[in-house]
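Taking it in order: structure first as structure tokens, then the write-up.
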Amino acid sequence: MSRLAVDGGVPVRDVPLPYTRHAVDNADIEAVTRVLRSDWLTTGPLVEEFERAVAAMVGTRCAVAVSSGSAAVHAMVDSLNLGSGDEVIVPALTFVATANAVAHTGAVPVFADVDAETLNVAPAAAERVLTKRSRALIAVDFAGQACDYTRLGELAVSRGLRLLSDGCHALGGRYAGKSVGALAAMTAFSFHPSKHLTTAEGGMVTTDDSDGAARMRSFRNNGIDADHHRRLADGTWYYEAERLGYNYRLSDLQCALGLSQLRRLGTWLERRRSIAARYRAALPDSAFRPLALVADVEHAYHLFVVRVLPDRLRVGRDQVFRALRAEGIGVNVHYIPLTRHAFYRHHFGTRPDLCPVAEEAYSKILSLPIFPAMSDQDVDDVLEALHRVEAAYRR
Ligand SMILES: *Cc1c(COP(=O)(O)O)cnc(C)c1O
């Protein structure tokens, strides 16, 4: 048996494979260049055009473009007009931006444990942390697989919560015949280069709630009510700061890139699904178990997450991670449970033992590379590296 690269052997790849990578083509570059030659670099016509295109794709009445996915989650939570002491339930296993958005508004993020098989928020766990102060629940469609919106929706209705979605993993995903983006009262998306389509930095909130959308439009514009187009048309200089806001605007350059990228989203989702299908076909009975698939969901595969099975290997996830990185495979870990982070421990008194399922998952999960431009050879390289590592460390 050949030596692993981590022990000085020859790696599977000399050029490392990243875990994700964006794809920009000439049409994208031309679209952005046209905006650079136009009158509107920002707050121009492409913002609304991009918003309309995303709203049409997910099937909502409104969409509000903002400067990042984090800004999208923040805008969405801010639009609920929460007070201090109000609580928002957030899954323990997500990117920090989900819970930070709650903390920014002065409300308290309360962490719910996840389902062991899907790593989506477990409805029963969410119910356990509900209190009289709970105002909203943010579902995160982990890795791109939609949550159980039927049960979460029932819980929200019966307990008077707003159901929000951080859909940053799941653009193009579907549940029970509906698109992610139209499954909760409001849904946040990210257009970071690691996500399904990119505007470099950027985000969007989709919703049917036009009052909420108006609050978010003001929020992204320093809290100012009427937009400058209306002031121009009305021949007036007057505007009013009606709430505290930020400059969270997305520029026309970025919206041009987003619109151009959106045309390829369907093809890209197919490619993500076919890479995932190849991983799934190759991994049964291996030491690496993919997350479970649930019925009635079309997965968007932002991530492909496996659990390293401790009963199959003499080493744990950390050593497998090092060995795969040494083979030139850009594996990653999504996520460190939020309950572990210093900010949440110090300000909200969290402890790792609050969410044991998230903790157990965290000790075993690995994200394998998945992005549309990956070739079949790249997928084979990942599988070969997994087989080598498993062979070397088998119990
Ligand atoms: C990427 C991501 C965000 C934040 O998006 P940015 O565009 O990087 O600000 C928020 N939540 C989740 C779950 C994400 O994956």
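By convention in this document, the chains of the structure tokens carry letters A, B, ... by their order, each chain's residues are numbered from 1, and ligands are numbered from 1 in the order they are shown.
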
Hey, which bits of chain A sit within 8 Å of ligand 1, and for each residue what's the closest pair of atoms and how far apart in Å (one decimal), counting only C-alpha atoms and all ligand atoms, rows by chain and increasing number, as CSV?
residue,atom,partner,partner_atom_place_in_ligand_line,distance
A:Ser67,CA,ligand 1,7 (O),7.7
A:Ser68,CA,ligand 1,7 (O),4.1
A:Gly69,CA,ligand 1,7 (O),3.4
A:Ser70,CA,ligand 1,9 (O),3.6
A:Ala71,CA,ligand 1,9 (O),6.4
A:Ala72,CA,ligand 1,9 (O),7.8
A:Val73,CA,ligand 1,10 (C),6.9
A:Thr94,CA,ligand 1,13 (C),5.3
A:Phe95,CA,ligand 1,13 (C),4.8
A:Val96,CA,ligand 1,11 (N),7.1
A:Ala97,CA,ligand 1,10 (C),4.9
A:Thr98,CA,ligand 1,11 (N),5.2
A:Val140,CA,ligand 1,13 (C),6.1
A:Asp141,CA,ligand 1,13 (C),7.7
A:Phe142,CA,ligand 1,13 (C),7.3
A:Asp166,CA,ligand 1,13 (C),5.9
A:Gly167,CA,ligand 1,13 (C),6.8
A:Cys168,CA,ligand 1,14 (C),4.7
A:His169,CA,ligand 1,15 (O),5.4
A:Ala188,CA,ligand 1,10 (C),7.9
A:Phe189,CA,ligand 1,5 (O),7.3
A:Ser190,CA,ligand 1,7 (O),4.2
A:Phe191,CA,ligand 1,7 (O),5.6
A:His192,CA,ligand 1,7 (O),4.6
A:Ser194,CA,ligand 1,1 (C),7.5
A:Lys195,CA,ligand 1,1 (C),6.9
A:Glu201,CA,ligand 1,7 (O),5.8
A:Gly202,CA,ligand 1,7 (O),5.6
A:Gly203,CA,ligand 1,7 (O),5.9

Considering only helix (DSSP H, G or I) as DSSP defines it on the backbone, what residues of stretch 280-371 of chain A qualify? List them as a PyMOL selection string.
chain A and resi 280-282+317-326+338-340+342-348+352-354+356-362

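Going from atom CA of A:Thr150 over to atom CA of A:Phe371, you cover 29.5 Å.
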
Using only C-alpha atoms, determine which residues lie at most 12 Å from A:His302, disregarding the query and same-chain residues fewer than 3 positions distant; provide the list as a PyMOL selection string.
chain A and resi 19-22+141-146+167-173+189-197+268-269+271-273+275-276+299+305+334+367-372

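With only C-alpha atoms taken into account, the protein and nucleic acid residues at most 10 Å from A:Val64 (excluding it and anything under 2 positions from it in its own chain) are Val47, Glu48, Phe50, Glu51, Arg52, Val54, Ala55, Cys62, Val66, Ala72, Ala75, Met76, Ala188, Gly203, Met204, Val205, Thr206, Thr207, Gly212, Ala213, Ala214, Arg215, Met216, Arg217, Arg220, Arg249 and Leu250 of chain A.
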
Given only C-alpha atoms as the counted atoms, nearest of A:Met57, A:Val297, A:Leu354, A:Leu46 to A:Gly177:
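Ranking A:Met57, A:Val297, A:Leu354, A:Leu46 by distance to A:Gly177, first place goes to A:Val297.
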
Can you tell me which residues surround A:Val294 at a distance of at most 12 Å, considering only C-alpha atoms, apart from same-chain residues fewer than 2 positions away, and format the answer as a ChimeraX atom specification?
/A:115,117-120,144-148,174-176,291-292,296-299
